[in-house]
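Right, one structure below, let's go through it.
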Amino acid sequence: MTEPKTDPRLYDVLASLNEIGATVNQIGQDGKVSVETTLDLIVNSAIRVVPGASAVIYAFDSSSEKFINASRVSAGSTDLGNAGDEPRPDGLGFRAIRQRRKVLSYEEKDISIHPVRTESGARAMGCFPLIVASSPVGALYVYLPDEREFSQLELLMLDNFVNQAAMAIYHAHNLELMQRNLSRKDEEIKRMRRAGLLISSRLRLEETLESILQMALEVTGARWGIFRLLDKKAQTLNTRAVAGEYTGHPLVEELPLDSNSVMAWVARERQSACIANLHAEPWSQIYYPLDAGLEMRSELAVPLIGATGRLEGVLNLESPVVGAFGEEDSYLLQALATQAVITIQEVRLLDALEEVTHLLLTQSLHKVLAHLVSLACDLLDAATGVIWSLKGDVLNVDAQTEGYQHSDSIPVKGSLAGLAILDRSPVISEDLQVDKRFHRADLAVDQNWARALIVPLLPGDEGEPIGAFGVYSSIGGAGHFAESEWDKKVLVFLADYAVLAYQNAAHQDALRAAQEQRSVAETFAAVGDIASNLLHHLNNKVGTIPVRIQGIEDKCQDVLTVNPYLAHNLDEIEHCATDAMDSVRESLSHLRPIKREPVLVLSRVLDAIRLVKMPPGVEIKINNLDHLPVVMAGERTLSLVFTNLIENAIDAMNNKGKITISGSADPEWVEVRVSDNGPGIPPELHEHIFDLNYSNRGTPRPGKLGFGLWWVKTLMARLEGSVTVQSDGVRGTTFILKLPLAEPNGGSNAR
């Protein structure tokens, strides 16, 4: 049996297809193989399988629906090169493209072969569309010098070349598109890097925002741009930077957040707006121009939103060209907006730290803590904030914002703030109203609290916590603390400043106490000498009066018997001289050195209560004094301290109210708190009430020196203790005495 004869052209086709496939795979690799090389191989393969034919390939642009004349690749003995045979709008090539099928001239009676090709000897032709995924990418023209039809084998072989040509063009087109995108992305990255360097080199917020705007104009081709930032009350958008080309008078006044404008809409909706035509609805109704004399047709606006969800403002660009901005422009502007948000946060933080540093050097602990709480709420967009100090197993409120309506103290165990202290790390709650760790869910509901961030106050890595710093966000507000490391770092940073404030206050108090004790010791040493000398001279002069009177009475008894008036006056003179000396000795005794010895606080308090003339409308309550350890003090001196404080409280309450005296102890000190429910002392007076020349509210009591709280502070300094005051100026006053514990051996020293 004889095998059928195989057409040798089939072997040429197979060889060509292998070669073409290899070149298609190498297109774009290091520039070694181009699409033109591949298409040239295809047209040459086509004329080998169709003897005497010539072939041409044109690429097709689907977006413009036109053939790309510059893409022409041809082969064949009758081909004249670029001789004006470009595809005609009504030619066979466009028909093949539109109908997505091969078109053969001998089957299309209403269309003729291109005249240029006819003149070059073409008598028949076939046009094969190059289709990839239903999209035309080009066409293969094959011209025959004879008036004949293509054989079925020729058509089959050409179809294979058509598929290869389509893939070559498609592959090359994708590579070119990828290269353009990569080049554009590379340029965008370079611009963003330059923008980052430019932004980081600016210190002023306005300069930074102007730099960002200039970069936005450059990368998007916009005409002008504007930054509007939200004010602290979240009610208006205020212009902070403008850039671009414009004339006339720009409208840069405050823009209410509830106004009818694109920027206000973007801020309210918290989403970007890419508007292709500002004349279209609904944008035409809310467009607010930068300058009424300019006609802008497209707008791109993005909100400035921080990691916690806080709205900072809006970045807006406009162009006089319809459809000037696309999706990539929107992405670029959002990236620049992120840079702006970071800059705003950094500038706000730097400004805040500058303020705090100044306050640490110039203001009291109370003012520094109050400012830190306010700054924390501002930087973290929180509704309320509070700073607690740790005292045993209780946290006492030392500073708070107006919106914080918690109790003055909370337990360490069972509270979020206590958890932060026990774990020595930040604690976050995303919903206080259901969080089992928060011991006051009812309070969260009443105060409309949603989230909380609390950090411990740590004096160094090894130091024990001294308190906690917390902020609370309201329902519907920002402050998604779990989503932002920035918030944790900022609050930890502010907490470190709070620790510095406490340490600075403690150092200042210790220094002041040491200076006061030294000054008091030196002063009273000198005054004691003067007092002793004065008492000696008084005793020499006044002390002789009773002796002389007794001598007169002994020698003139007869005269005194018959003269009662004279006898009575001599008795009065003797009595007055004795009382005067006793009074001088009593008063000057407080100026002498104090003999410090172990003393029970309770006995001195009871002694003071006994000495005070207590009005019937005043009640005194004693708590936890009987279990206090022994302190080092002078008995009479400590009694005098309590006497002065009780009398001060009676005067403050206008002889009607309640005085509470309570105590506690730690390893080094005993603390005694004397509290009244009077009108309180304003915080701004706390540093002055102990001054010698401070005028107290009451009048000096008969028989007293009248030095008031200065005398209390002076005596406490001589006892090597201290006295401080706590009061909000509304709800009473508490004086806090700190006395050193008695030494185990009961030693004493004199001051």
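Chains: A, B, ... in order of the structure tokens. Residues: from 1 per chain. Ligands: from 1, in order shown.
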Who sits within 7 Å of region 103-110 of chain A, only C-alpha atoms, same chain under 3 positions skipped, as a list in words:
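Everything that qualifies: Leu92, Ala96, Ile113, Ala124, Met125, Gly126, Cys127 and Phe128 of chain A.
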May I have a table of the residues of region 335-356 of chain A lying at most 12 Å from region 300-306 of chain A, giving each one's closest pair of atoms and their distance in Å to one decimal, counting only C-alpha atoms, ordered by chain and ascending residue number, as a Markdown table?
| residue | atom | partner | partner_atom | distance |
| --- | --- | --- | --- | --- |
| A:Ala335 | CA | A:Val302 | CA | 9.9 |
| A:Leu336 | CA | A:Leu304 | CA | 9.5 |
| A:Ala337 | CA | A:Leu304 | CA | 5.7 |
| A:Thr338 | CA | A:Leu304 | CA | 6.9 |
| A:Gln339 | CA | A:Leu304 | CA | 9.4 |
| A:Ala340 | CA | A:Leu304 | CA | 7.5 |
| A:Val341 | CA | A:Leu304 | CA | 6.0 |
| A:Ile342 | CA | A:Gly306 | CA | 7.7 |
| A:Thr343 | CA | A:Gly306 | CA | 10.7 |
| A:Ile344 | CA | A:Gly306 | CA | 9.6 |
| A:Gln345 | CA | A:Gly306 | CA | 8.4 |
| A:Glu346 | CA | A:Gly306 | CA | 11.7 |
What are the DSSP alpha helix (DSSP H) residues of region 66-250 of chain A, as a PyMOL selection string?
chain A and resi 92-99+115-119+152-200+205-220
Give the strand (DSSP E) residues of region 608-711 of chain A, as assigned by DSSP on the backbone, as a PyMOL selection string.
chain A and resi 618-623+631-633+657-665+669-676
Do you know which residues are at most 6 Å from region 41-54 of chain A counting only C-alpha atoms, after dropping those on the same chain fewer than 4 positions away, and could you put them as a ChimeraX atom specification?
/A:9,75-76,142-144
For Leu315 (chain A), which residue among A:Glu295, A:Asp378, A:Leu230, A:Val73 is the nearest when counting only C-alpha atoms?
A:Leu230
Name the residues in contact with Glu254 (chain A) at a cut-off of 7 Å, using only C-alpha atoms, excluding same-chain residues fewer than 6 positions from it; report them as JSON, numbers by chain.
{"A": [236, 237, 238, 239]}
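Among the candidates A:Leu294, A:Ile131, A:Leu332, A:Leu453, the one nearest to Ala216 (chain A) when counting only C-alpha atoms is A:Leu332.
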Name the residues in contact with Ala506 (chain A) at a cut-off of 10 Å, using only C-alpha atoms, excluding same-chain residues fewer than 6 positions from it; report them as a list in words.
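Here the qualifying residues turn out to be Leu365, Leu500 and Arg512 of chain A.
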How would the residues just chosen look if you wrote them out with N, CA and C atoms as a tab-separated table (two decimals), in the first residue's frame?
chain	number	residue	atom	x	y	z
A	365	LEU	N	2.83	71.86	89.09
A	365	LEU	CA	2.45	70.50	88.69
A	365	LEU	C	1.01	70.46	88.23
A	500	LEU	N	7.79	63.24	84.26
A	500	LEU	CA	8.77	64.30	84.49
A	500	LEU	C	8.19	65.42	85.35
A	512	ARG	N	12.88	72.79	98.02
A	512	ARG	CA	12.26	73.88	98.75
A	512	ARG	C	12.17	73.55	100.25
Under the rule that only C-alpha atoms are counted, which of A:Leu628, A:Asp398, A:Arg268, A:Gly221 is the nearest residue to Gly323 (chain A)?
A:Gly221
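Between CA of Leu611 (chain A) and CA of Leu645 (chain A) the interatomic distance comes to 12.4 Å.
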